[in-house]
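Okay, query.pdb now, which holds PDB, C-alpha atoms:
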ATOM      1  CA  MET M   1      15.273   8.944  15.948
ATOM      2  CA  THR M   2      14.828  12.224  17.774
ATOM      3  CA  ALA M   3      11.236  12.963  18.629
ATOM      4  CA  ARG M   4      10.260  16.411  17.407
ATOM      5  CA  PHE M   5       6.741  17.746  17.376
ATOM      6  CA  ASP M   6       6.108  19.406  14.003
ATOM      7  CA  GLU M   7       3.398  22.039  13.917
ATOM      8  CA  LEU M   8       3.334  22.098  10.128
ATOM      9  CA  ILE M   9       2.655  18.390   9.855
ATOM     10  CA  HIS M  10       0.232  18.230  12.767
ATOM     11  CA  ALA M  11      -2.529  20.251  11.077
ATOM     12  CA  PRO M  12      -5.241  17.632  10.368
ATOM     13  CA  THR M  13      -5.284  17.771   6.574
ATOM     14  CA  ARG M  14      -1.515  17.875   6.271
ATOM     15  CA  LEU M  15      -1.163  15.067   8.802
ATOM     16  CA  ALA M  16      -3.445  12.948   6.617
ATOM     17  CA  ILE M  17      -1.500  13.828   3.453
ATOM     18  CA  VAL M  18       1.887  13.164   4.991
ATOM     19  CA  SER M  19       0.655   9.905   6.538
ATOM     20  CA  LEU M  20      -0.493   8.674   3.136
ATOM     21  CA  LEU M  21       2.753   9.728   1.494
ATOM     22  CA  ALA M  22       4.848   8.154   4.249
ATOM     23  CA  ALA M  23       3.564   4.707   3.295
ATOM     24  CA  ALA M  24       4.232   5.347  -0.382
ATOM     25  CA  GLN M  25       7.181   5.945  -2.647
ATOM     26  CA  TRP M  26       4.934   8.326  -4.517
ATOM     27  CA  ALA M  27       1.206   8.841  -4.886
ATOM     28  CA  ASP M  28      -0.922  10.146  -7.700
ATOM     29  CA  PHE M  29      -2.698  13.470  -7.117
ATOM     30  CA  LYS M  30      -6.078  11.884  -7.865
ATOM     31  CA  PHE M  31      -5.400   9.057  -5.436
ATOM     32  CA  LEU M  32      -4.634  11.553  -2.674
ATOM     33  CA  ARG M  33      -7.655  13.695  -3.548
ATOM     34  CA  ASP M  34     -10.022  10.719  -3.524
ATOM     35  CA  GLU M  35      -8.630   9.076  -0.396
ATOM     36  CA  LEU M  36      -8.745  12.350   1.524
ATOM     37  CA  SER M  37     -12.064  13.539   0.063
ATOM     38  CA  LEU M  38     -10.566  16.917  -0.760
ATOM     39  CA  SER M  39     -11.156  19.280  -3.647
ATOM     40  CA  ASP M  40      -8.372  19.755  -6.194
ATOM     41  CA  SER M  41      -7.723  23.267  -4.943
ATOM     42  CA  ALA M  42      -7.644  22.300  -1.264
ATOM     43  CA  LEU M  43      -5.184  19.501  -1.941
ATOM     44  CA  SER M  44      -3.038  21.726  -4.163
ATOM     45  CA  LYS M  45      -2.861  24.334  -1.444
ATOM     46  CA  GLN M  46      -1.765  21.868   1.212
ATOM     47  CA  LEU M  47       0.749  20.212  -1.081
ATOM     48  CA  SER M  48       2.201  23.602  -1.954
ATOM     49  CA  THR M  49       2.604  24.392   1.736
ATOM     50  CA  LEU M  50       4.403  21.096   2.289
ATOM     51  CA  GLU M  51       6.512  21.630  -0.813
ATOM     52  CA  ALA M  52       7.513  25.104   0.370
ATOM     53  CA  ALA M  53       8.654  23.562   3.645
ATOM     54  CA  GLY M  54      10.775  21.089   1.723
ATOM     55  CA  TYR M  55       8.720  18.119   2.926
ATOM     56  CA  VAL M  56       7.152  17.123  -0.383
ATOM     57  CA  HIS M  57       8.389  16.850  -3.934
ATOM     58  CA  ILE M  58       5.748  17.353  -6.620
ATOM     59  CA  ARG M  59       6.319  15.802 -10.002
ATOM     60  CA  LYS M  60       4.342  16.936 -13.025
ATOM     61  CA  GLY M  61       4.366  14.922 -16.190
ATOM     62  CA  PHE M  62       2.246  13.485 -18.958
ATOM     63  CA  VAL M  63       0.908  10.028 -19.645
ATOM     64  CA  GLY M  64       0.104  10.300 -23.330
ATOM     65  CA  LYS M  65      -1.584  13.675 -23.556
ATOM     66  CA  ARG M  66      -3.005  13.593 -20.082
ATOM     67  CA  PRO M  67      -1.249  15.598 -17.410
ATOM     68  CA  ARG M  68      -0.331  13.563 -14.358
ATOM     69  CA  THR M  69       0.751  15.007 -11.054
ATOM     70  CA  SER M  70       2.246  12.916  -8.315
ATOM     71  CA  ALA M  71       3.827  13.644  -4.982
ATOM     72  CA  ARG M  72       6.299  12.021  -2.660
ATOM     73  CA  LEU M  73       7.860  12.820   0.677
ATOM     74  CA  THR M  74      11.386  14.164   0.540
ATOM     75  CA  THR M  75      14.042  12.797   2.868
ATOM     76  CA  ALA M  76      13.513  15.843   5.078
ATOM     77  CA  GLY M  77       9.763  15.276   5.031
ATOM     78  CA  ARG M  78      10.119  11.627   5.968
ATOM     79  CA  ARG M  79      12.512  12.506   8.768
ATOM     80  CA  ALA M  80      10.132  15.203  10.050
ATOM     81  CA  PHE M  81       7.207  12.787   9.902
ATOM     82  CA  GLU M  82       9.057  10.081  11.788
ATOM     83  CA  GLY M  83      10.158  12.616  14.394
ATOM     84  CA  HIS M  84       6.589  13.833  14.698
ATOM     85  CA  VAL M  85       5.271  10.294  15.166
ATOM     86  CA  ALA M  86       7.912   9.682  17.813
ATOM     87  CA  ALA M  87       6.868  12.897  19.596
ATOM     88  CA  LEU M  88       3.218  11.839  19.524
ATOM     89  CA  GLN M  89       4.174   8.440  20.911
ATOM     90  CA  LYS M  90       6.002  10.096  23.767
ATOM     91  CA  LEU M  91       3.003  12.268  24.526
ATOM     92  CA  VAL M  92       0.753   9.231  24.591
ATOM     93  CA  ALA M  93       3.154   7.089  26.579
ATOM     94  CA  ARG M  94       3.799   9.744  29.195
ATOM     95  CA  PRO M  95       1.818   9.006  32.352
ATOM     96  CA  MET M  96      -0.583  11.645  33.626
ATOM     97  CA  LEU M  97       1.318  14.891  33.308
ATOM     98  CA  ILE M  98      -1.222  17.270  34.689
ATOM     99  CA  VAL M  99      -2.977  16.765  37.959
ATOM    100  CA  PRO M 100      -5.388  19.581  38.652
ATOM    101  CA  GLU M 101      -4.964  20.808  42.165
ATOM    102  CA  PRO M 102      -8.097  20.639  44.274
ATOM    103  CA  ALA M 103      -9.469  24.045  45.180
ATOM    104  CA  GLY M 104      -8.274  25.422  48.494
ATOM    105  CA  ARG M 105      -5.551  22.867  48.953
ATOM    106  CA  GLY M 106      -1.775  22.957  48.801
ATOM    107  CA  SER M 107       0.764  25.675  48.499
ATOM    108  CA  GLY M 108       0.829  25.697  44.698
ATOM    109  CA  GLN M 109       4.490  24.763  44.676
ATOM    110  CA  GLY M 110       4.297  22.753  41.561
ATOM    111  CA  ASP M 111       2.722  19.405  42.165
ATOM    112  CA  ARG M 112       2.200  19.358  38.454
ATOM    113  CA  GLY M 113       3.387  16.109  37.075
ATOM    114  CA  THR M 114       3.113  14.200  40.325
ATOM    115  CA  PRO M 115       0.656  11.361  40.579
ATOM    116  CA  PRO M 116      -2.406  11.800  42.750
ATOM    117  CA  ARG M 117      -1.966  10.752  46.333
ATOM    118  CA  ALA M 118      -3.988   7.843  47.579
ATOM    119  CA  ASP M 119      -5.377   9.320  50.745
TER
ATOM    120  CA  MET R   1      -3.376  26.201  12.782
ATOM    121  CA  ASN R   2      -3.246  25.066  16.334
ATOM    122  CA  ASP R   3       0.067  26.202  17.730
ATOM    123  CA  SER R   4      -0.003  24.284  20.955
ATOM    124  CA  LYS R   5       1.108  20.715  21.453
ATOM    125  CA  PRO R   6      -1.772  18.323  21.882
ATOM    126  CA  ALA R   7      -2.784  16.548  25.034
ATOM    127  CA  SER R   8      -2.114  12.835  25.145
ATOM    128  CA  THR R   9      -5.659  12.038  24.010
ATOM    129  CA  ASP R  10      -5.199  14.262  20.959
ATOM    130  CA  ALA R  11      -1.829  12.644  20.319
ATOM    131  CA  ALA R  12      -3.444   9.202  20.490
ATOM    132  CA  GLY R  13      -6.074  10.405  18.020
ATOM    133  CA  ALA R  14      -3.364  11.693  15.692
ATOM    134  CA  LEU R  15      -1.527   8.356  15.870
ATOM    135  CA  ALA R  16      -4.754   6.515  15.088
ATOM    136  CA  GLU R  17      -5.328   8.836  12.126
ATOM    137  CA  ILE R  18      -1.796   8.154  10.872
ATOM    138  CA  GLN R  19      -2.350   4.416  11.119
ATOM    139  CA  ARG R  20      -5.707   4.670   9.351
ATOM    140  CA  ARG R  21      -4.269   6.717   6.484
ATOM    141  CA  GLN R  22      -1.314   4.408   6.023
ATOM    142  CA  ALA R  23      -3.640   1.411   6.019
ATOM    143  CA  GLN R  24      -5.527   3.144   3.173
ATOM    144  CA  VAL R  25      -2.361   3.149   1.064
ATOM    145  CA  ILE R  26      -1.599  -0.482   1.857
ATOM    146  CA  ASP R  27      -5.179  -1.560   1.089
ATOM    147  CA  ALA R  28      -4.960   0.254  -2.252
ATOM    148  CA  VAL R  29      -2.119  -1.967  -3.422
ATOM    149  CA  LEU R  30      -3.369  -5.309  -2.090
ATOM    150  CA  VAL R  31      -5.226  -7.782  -4.280
ATOM    151  CA  PRO R  32      -9.018  -7.750  -3.717
ATOM    152  CA  GLY R  33     -10.793 -10.938  -2.629
ATOM    153  CA  TRP R  34     -12.644 -11.516  -5.920
ATOM    154  CA  TYR R  35      -9.339 -11.775  -7.780
ATOM    155  CA  TRP R  36      -8.642 -15.195  -6.232
ATOM    156  CA  TRP R  37     -12.026 -16.538  -7.270
ATOM    157  CA  VAL R  38     -11.620 -15.417 -10.910
ATOM    158  CA  VAL R  39      -8.146 -16.968 -11.100
ATOM    159  CA  ALA R  40      -9.425 -20.147  -9.429
ATOM    160  CA  VAL R  41     -12.256 -20.518 -11.968
ATOM    161  CA  ALA R  42      -9.828 -19.919 -14.850
ATOM    162  CA  MET R  43      -7.463 -22.555 -13.406
ATOM    163  CA  VAL R  44     -10.244 -25.149 -13.228
ATOM    164  CA  ALA R  45     -11.258 -24.265 -16.796
ATOM    165  CA  ILE R  46      -7.705 -25.053 -17.936
ATOM    166  CA  GLY R  47      -7.708 -28.391 -16.090
ATOM    167  CA  ALA R  48     -11.138 -29.356 -17.386
ATOM    168  CA  ALA R  49     -10.178 -28.387 -20.936
ATOM    169  CA  ALA R  50      -7.040 -30.518 -20.708
ATOM    170  CA  ASP R  51      -9.133 -33.508 -19.627
ATOM    171  CA  THR R  52     -11.350 -33.306 -22.705
ATOM    172  CA  LYS R  53      -8.316 -33.928 -24.939
ATOM    173  CA  ARG R  54     -10.305 -32.290 -27.759
ATOM    174  CA  PRO R  55      -8.089 -29.999 -29.847
ATOM    175  CA  VAL R  56     -10.785 -27.364 -30.371
ATOM    176  CA  VAL R  57     -11.521 -27.065 -26.667
ATOM    177  CA  LEU R  58      -7.811 -26.981 -25.851
ATOM    178  CA  ALA R  59      -7.167 -24.349 -28.526
ATOM    179  CA  VAL R  60      -9.923 -22.057 -27.272
ATOM    180  CA  ALA R  61     -10.365 -22.599 -23.538
ATOM    181  CA  ILE R  62      -6.733 -22.639 -22.473
ATOM    182  CA  PRO R  63      -5.642 -19.421 -24.262
ATOM    183  CA  VAL R  64      -8.790 -17.635 -23.042
ATOM    184  CA  ALA R  65      -8.225 -18.720 -19.441
ATOM    185  CA  VAL R  66      -4.535 -17.787 -19.596
ATOM    186  CA  LEU R  67      -5.424 -14.399 -21.078
ATOM    187  CA  VAL R  68      -7.981 -13.792 -18.320
ATOM    188  CA  ILE R  69      -5.428 -14.592 -15.591
ATOM    189  CA  ALA R  70      -2.598 -12.638 -17.230
ATOM    190  CA  GLY R  71      -4.770  -9.660 -18.217
ATOM    191  CA  LEU R  72      -6.330  -9.390 -14.781
ATOM    192  CA  THR R  73      -2.993  -9.658 -13.004
ATOM    193  CA  VAL R  74      -1.187  -7.154 -15.233
ATOM    194  CA  GLY R  75      -4.156  -4.762 -15.176
ATOM    195  CA  MET R  76      -4.278  -4.871 -11.405
ATOM    196  CA  ILE R  77      -0.543  -4.275 -11.018
ATOM    197  CA  VAL R  78      -0.484  -1.412 -13.535
ATOM    198  CA  GLY R  79      -3.625   0.169 -12.060
ATOM    199  CA  ALA R  80      -2.230   0.076  -8.545
ATOM    200  CA  TYR R  81       1.159   1.328  -9.767
ATOM    201  CA  ARG R  82      -0.456   4.369 -11.377
ATOM    202  CA  ARG R  83      -2.387   5.289  -8.238
ATOM    203  CA  VAL R  84       0.265   4.780  -5.638
ATOM    204  CA  GLN R  85       3.581   3.014  -5.353
ATOM    205  CA  VAL R  86       4.592   1.637  -1.986
ATOM    206  CA  HIS R  87       8.050   1.001  -0.625
ATOM    207  CA  SER R  88       7.739  -2.683  -1.367
ATOM    208  CA  ARG R  89      11.335  -3.471  -0.458
ATOM    209  CA  THR R  90      11.006  -1.732   2.872
ATOM    210  CA  LEU R  91       7.421  -2.714   3.620
ATOM    211  CA  LEU R  92       7.457  -6.300   2.424
ATOM    212  CA  GLY R  93      11.068  -7.318   2.875
ATOM    213  CA  GLY R  94      12.232 -10.914   2.628
ATOM    214  CA  ARG R  95       9.317 -12.378   4.575
ATOM    215  CA  GLY R  96       6.762 -10.812   2.232
ATOM    216  CA  ALA R  97       8.573 -12.119  -0.839
ATOM    217  CA  ILE R  98       8.779 -15.593   0.709
ATOM    218  CA  ALA R  99       5.030 -15.524   1.462
ATOM    219  CA  ILE R 100       4.188 -14.614  -2.156
ATOM    220  CA  VAL R 101       6.536 -17.193  -3.683
ATOM    221  CA  GLY R 102       5.381 -19.752  -1.126
ATOM    222  CA  LEU R 103       1.748 -19.231  -2.152
ATOM    223  CA  ASP R 104       2.652 -19.800  -5.817
ATOM    224  CA  TRP R 105       4.568 -22.976  -5.036
ATOM    225  CA  LEU R 106       1.836 -24.262  -2.770
ATOM    226  CA  VAL R 107      -0.875 -23.831  -5.412
ATOM    227  CA  VAL R 108       1.243 -25.297  -8.207
ATOM    228  CA  GLY R 109       2.497 -28.117  -5.980
ATOM    229  CA  VAL R 110      -0.958 -29.131  -4.759
ATOM    230  CA  GLY R 111      -2.479 -28.823  -8.251
ATOM    231  CA  LEU R 112       0.200 -30.719 -10.148
ATOM    232  CA  GLY R 113       0.792 -33.227  -7.346
ATOM    233  CA  THR R 114      -2.894 -34.102  -7.197
ATOM    234  CA  ALA R 115      -3.239 -34.250 -10.983
ATOM    235  CA  PHE R 116      -0.212 -36.475 -11.545
ATOM    236  CA  GLY R 117      -1.134 -38.679  -8.608
ATOM    237  CA  LEU R 118      -4.646 -39.194  -9.955
ATOM    238  CA  ARG R 119      -3.345 -39.771 -13.454
ATOM    239  CA  ALA R 120      -1.032 -42.487 -12.168
ATOM    240  CA  ALA R 121      -3.989 -43.991 -10.333
ATOM    241  CA  GLY R 122      -5.967 -44.119 -13.555
ATOM    242  CA  SER R 123      -8.397 -41.247 -12.978
ATOM    243  CA  ARG R 124     -10.268 -40.033 -16.055
ATOM    244  CA  ILE R 125     -10.293 -36.393 -14.997
ATOM    245  CA  PRO R 126      -6.983 -35.750 -13.223
ATOM    246  CA  GLY R 127      -6.670 -32.244 -14.658
ATOM    247  CA  THR R 128     -10.055 -31.109 -13.400
ATOM    248  CA  ILE R 129      -9.571 -32.524  -9.925
ATOM    249  CA  GLY R 130      -5.953 -31.358  -9.705
ATOM    250  CA  THR R 131      -6.715 -27.786 -10.707
ATOM    251  CA  THR R 132      -9.750 -27.783  -8.424
ATOM    252  CA  ALA R 133      -7.506 -28.785  -5.527
ATOM    253  CA  GLY R 134      -5.077 -25.984  -6.490
ATOM    254  CA  ALA R 135      -7.984 -23.552  -6.821
ATOM    255  CA  VAL R 136      -9.300 -24.403  -3.355
ATOM    256  CA  VAL R 137      -5.837 -23.763  -1.915
ATOM    257  CA  LEU R 138      -5.716 -20.476  -3.827
ATOM    258  CA  VAL R 139      -9.036 -19.094  -2.566
ATOM    259  CA  ILE R 140      -8.149 -20.027   1.007
ATOM    260  CA  ALA R 141      -4.446 -19.178   1.078
ATOM    261  CA  GLY R 142      -4.586 -16.126  -1.233
ATOM    262  CA  PRO R 143      -6.650 -13.921   1.107
ATOM    263  CA  ALA R 144      -4.713 -15.316   4.091
ATOM    264  CA  VAL R 145      -1.427 -14.246   2.504
ATOM    265  CA  MET R 146      -2.915 -10.801   1.759
ATOM    266  CA  ARG R 147      -3.886 -10.443   5.427
ATOM    267  CA  TYR R 148      -0.359 -11.446   6.423
ATOM    268  CA  LEU R 149       1.195  -8.955   3.973
ATOM    269  CA  ARG R 150      -1.134  -6.215   5.208
ATOM    270  CA  GLY R 151      -0.061  -6.793   8.791
ATOM    271  CA  LEU R 152       3.564  -6.971   7.740
ATOM    272  CA  MET R 153       3.383  -3.701   5.784
ATOM    273  CA  LEU R 154       1.531  -1.933   8.585
ATOM    274  CA  SER R 155       4.247  -2.944  11.025
ATOM    275  CA  GLN R 156       7.045  -1.885   8.670
ATOM    276  CA  ARG R 157       5.681   1.436   7.426
ATOM    277  CA  ALA R 158       7.363   4.748   8.113
ATOM    278  CA  GLY R 159       6.620   5.711  11.661
ATOM    279  CA  GLY R 160       5.201   2.264  12.114
ATOM    280  CA  THR R 161       7.582   1.191  14.697
ATOM    281  CA  ALA R 162       5.022   3.206  16.130
ATOM    282  CA  TRP R 163       2.713   0.943  17.407
ATOM    283  CA  SER R 164       5.405  -0.169  19.754
ATOM    284  CA  TRP R 165       4.896   3.071  21.650
ATOM    285  CA  ARG R 166       3.768   1.172  24.700
ATOM    286  CA  ARG R 167       7.183  -0.417  24.876
ATOM    287  CA  GLN R 168       9.003   2.809  24.327
ATOM    288  CA  SER R 169      11.019   3.896  27.282
ATOM    289  CA  ALA R 170      11.635   7.502  28.131
ATOM    290  CA  GLY R 171      14.101   9.168  25.807
ATOM    291  CA  SER R 172      14.968  12.542  24.405
ATOM    292  CA  ILE R 173      12.305  14.850  23.127
ATOM    293  CA  SER R 174      13.279  18.131  21.640
ATOM    294  CA  ASP R 175      10.254  20.147  22.712
ATOM    295  CA  PRO R 176       9.523  21.446  26.112
ATOM    296  CA  GLU R 177       7.210  19.602  28.435
ATOM    297  CA  PRO R 178       3.584  20.232  27.604
ATOM    298  CA  GLY R 179       1.949  22.853  29.690
ATOM    299  CA  PRO R 180      -1.447  22.718  31.302
ATOM    300  CA  ALA R 181      -4.384  22.056  29.059
ATOM    301  CA  GLU R 182      -5.730  25.234  27.596
TER
END
Please rewrite the model in this file as structure tokens.
Amino acid sequence: MTARFDELIHAPTRLAIVSLLAAAQWADFKFLRDELSLSDSALSKQLSTLEAAGYVHIRKGFVGKRPRTSARLTTAGRRAFEGHVAALQKLVARPMLIVPEPAGRGSGQGDRGTPPRAD
Amino acid sequence: MNDSKPASTDAAGALAEIQRRQAQVIDAVLVPGWYWWVVAVAMVAIGAAADTKRPVVLAVAIPVAVLVIAGLTVGMIVGAYRRVQVHSRTLLGGRGAIAIVGLDWLVVGVGLGTAFGLRAAGSRIPGTIGTTAGAVVLVIAGPAVMRYLRGLMLSQRAGGTAWSWRRQSAGSISDPEPGPAE
């Protein structure tokens, strides 16, 4: 699994949607709407964005006379999600990347990424 | 949309959000606690009805109790299936299936074993006591198995290898190193 940070997925609402879908084979539109506390239109908009990116497949059908919409992650979407999770894990696991340089000290030759000295 | 990569604290928050959302899906398909109590009561009703040996009681109580158990179980499965369908093969795997089958065998084994043992010993109400023993096992082991399945599914979910991030050694990452916090 190659870690790859995905800007499209990382937006908070889309991250929540993709996270829900990643644990499911498919999910009903109403289930997603209720679990995420979103309006129909807000959820539709985000799902459309994910669908346009090829991350989500939206299935529209009928149960009796009632329309039923459900969504699932595509293979590309699942791969992107897993890569995104791996990238987040790397960010979290990485030890202190940025050490602010004290004012008036050092030559500024890139101590970024070095641990603080114990002096 | 925020175009910059998050700091590690934001990344940790995003991972926590992912875990929380995936737990929501898993909780939506698990059996609620009250289900075990309803099934347990229906089981005891069947055992008690059998002990009466009265045809009218047998003809009414047993079909009603069986219908309650079957209707509740089917309704719960269908309801959950309509809302969301999980990757049961991936999430549960062999261990999950063994836990579910093991629970069934445990309840049936304890119930029937107790009932037949008591019957052989000359008890007047072996059915009631046997099904009560099975029911007690059910209300204790049922929620315990659900907790086990929940943990199992959380560990197996997509991106769920995840929570092994502490063990993850340095590897390839396709983005550049994060820059200073902005």
Which residues of chain M have any atom within 7 Å of an atom in chain R when counting all atoms listed in the file, and what is the closest pair of atoms for each, with the distance in Å to one decimal? Order the rows by chain and rising number and write it as JSON lines.
{"residue": "M:Thr2", "atom": "CA", "partner": "R:Ile173", "partner_atom": "CA", "distance": 6.5}
{"residue": "M:Ala3", "atom": "CA", "partner": "R:Ile173", "partner_atom": "CA", "distance": 5.0}
{"residue": "M:Arg4", "atom": "CA", "partner": "R:Ser174", "partner_atom": "CA", "distance": 5.5}
{"residue": "M:Phe5", "atom": "CA", "partner": "R:Asp175", "partner_atom": "CA", "distance": 6.8}
{"residue": "M:Glu7", "atom": "CA", "partner": "R:Asp3", "partner_atom": "CA", "distance": 6.6}
{"residue": "M:Ala11", "atom": "CA", "partner": "R:Met1", "partner_atom": "CA", "distance": 6.2}
{"residue": "M:Ala16", "atom": "CA", "partner": "R:Arg21", "partner_atom": "CA", "distance": 6.3}
{"residue": "M:Ser19", "atom": "CA", "partner": "R:Ile18", "partner_atom": "CA", "distance": 5.3}
{"residue": "M:Leu20", "atom": "CA", "partner": "R:Gln22", "partner_atom": "CA", "distance": 5.2}
{"residue": "M:Ala22", "atom": "CA", "partner": "R:Ala158", "partner_atom": "CA", "distance": 5.7}
{"residue": "M:Ala23", "atom": "CA", "partner": "R:Gln22", "partner_atom": "CA", "distance": 5.6}
{"residue": "M:Ala24", "atom": "CA", "partner": "R:Val86", "partner_atom": "CA", "distance": 4.1}
{"residue": "M:Gln25", "atom": "CA", "partner": "R:Val86", "partner_atom": "CA", "distance": 5.1}
{"residue": "M:Trp26", "atom": "CA", "partner": "R:Gln85", "partner_atom": "CA", "distance": 5.5}
{"residue": "M:Ala27", "atom": "CA", "partner": "R:Val84", "partner_atom": "CA", "distance": 4.2}
{"residue": "M:Asp28", "atom": "CA", "partner": "R:Arg83", "partner_atom": "CA", "distance": 5.1}
{"residue": "M:Phe31", "atom": "CA", "partner": "R:Arg83", "partner_atom": "CA", "distance": 5.6}
{"residue": "M:Glu82", "atom": "CA", "partner": "R:Gly159", "partner_atom": "CA", "distance": 5.0}
{"residue": "M:Val85", "atom": "CA", "partner": "R:Gly159", "partner_atom": "CA", "distance": 5.9}
{"residue": "M:Ala87", "atom": "CA", "partner": "R:Ile173", "partner_atom": "CA", "distance": 6.8}
{"residue": "M:Leu88", "atom": "CA", "partner": "R:Ala11", "partner_atom": "CA", "distance": 5.2}
{"residue": "M:Gln89", "atom": "CA", "partner": "R:Trp165", "partner_atom": "CA", "distance": 5.5}
{"residue": "M:Leu91", "atom": "CA", "partner": "R:Ser8", "partner_atom": "CA", "distance": 5.2}
{"residue": "M:Val92", "atom": "CA", "partner": "R:Ser8", "partner_atom": "CA", "distance": 4.6}
{"residue": "M:Ala93", "atom": "CA", "partner": "R:Arg166", "partner_atom": "CA", "distance": 6.2}
{"residue": "M:Ile98", "atom": "CA", "partner": "R:Pro180", "partner_atom": "CA", "distance": 6.4}
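Residues in contact range of Leu30 (chain R), defined as at most 10 Å between only C-alpha atoms, with sequence neighbours fewer than 3 positions away removed, read Val25, Ile26, Asp27, Gly33, Met76, Ile77, Ala80, Pro143, Met146, Arg147, Leu149 and Arg150 of chain R.
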**Report entry** Distance criterion (all atoms listed in the file): nearest to Tyr55 (chain M) out of M:Arg94, M:Leu73, M:Leu8, M:Arg14
**Finding:** M:Leu73
**Report entry** Spatial neighbours of Gly77 (chain M), max dist 10 Å, only C-alpha atoms, sep filter under 4 positions, as a ChimeraX atom specification
**Finding:** /M:9,18,21-22,50-51,53-57,72-73,81-83
Report summary line: Taken to one decimal, the CA of Phe29 (chain M)-CA of Thr69 (chain M) distance is 5.5 Å
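Taking CA of Gly113 (chain R) and CA of Val39 (chain R) as the two end points, the separation is 18.9 Å.
Taking CA of Val41 (chain R) as the reference point, CA of Val108 (chain R) is found at 14.8 Å.
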Report task. Find the residues near Asp40 (chain M): any atom within 9 Å, counting all atoms listed in the file, skip ones fewer than 5 places away on the same chain, and give them as a PyMOL selection string. Result -> chain M and resi 29-30+33+45
Using the selection just defined, write its residues with C-alpha atoms as a PDB file, keeping the file's coordinate frame.
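Listing of selection24.pdb after writing:
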ATOM      1  CA  PHE M  29      -2.698  13.470  -7.117  1.00  0.00           C
ATOM      2  CA  LYS M  30      -6.078  11.884  -7.865  1.00  0.00           C
ATOM      3  CA  ARG M  33      -7.655  13.695  -3.548  1.00  0.00           C
ATOM      4  CA  LYS M  45      -2.861  24.334  -1.444  1.00  0.00           C
TER       5      LYS M  45
END
Requested in this report: Would you kindly return, as a list in words, each protein, DNA or RNA residue with an atom no farther than 6 Å from any atom of region 59-69 of chain R, considering all atoms listed in the file and excluding same-chain residues fewer than 2 positions away?
Outcome: Val39, Ala42, Ile46, Pro55, Val56, Val57, Gly71 and Leu72 of chain R
Query raised in the report: On this structure, which residues satisfy the PyMOL selection byres ((chain R and resi 50) around 10), written as a list in words?
Result: Val44, Ala45, Ile46, Gly47, Ala48, Ala49, Asp51, Thr52, Lys53, Arg54, Pro55, Val57, Leu58, Ala59, Ala61, Ile62, Ile125, Pro126, Gly127 and Thr128 of chain R
Enclosing box along x, y and z for every listed atom of region 22-41 of chain M, padded 8 Å each side, centre and size in Å, one decimal, as JSON:
{"center_x": -2.4, "center_y": 14.0, "center_z": -1.8, "size_x": 35.2, "size_y": 34.6, "size_z": 28.1}
Query raised in the report: Could you spell out the hits of the PyMOL selection byres ((chain R and resi 116) around 12) on the shown file, as a list in words?
Result: Gly47, Val108, Gly109, Val110, Gly111, Leu112, Gly113, Thr114, Ala115, Gly117, Leu118, Arg119, Ala120, Ala121, Gly122, Ser123, Arg124, Ile125, Pro126, Gly127, Thr128, Ile129, Gly130 and Thr131 of chain R
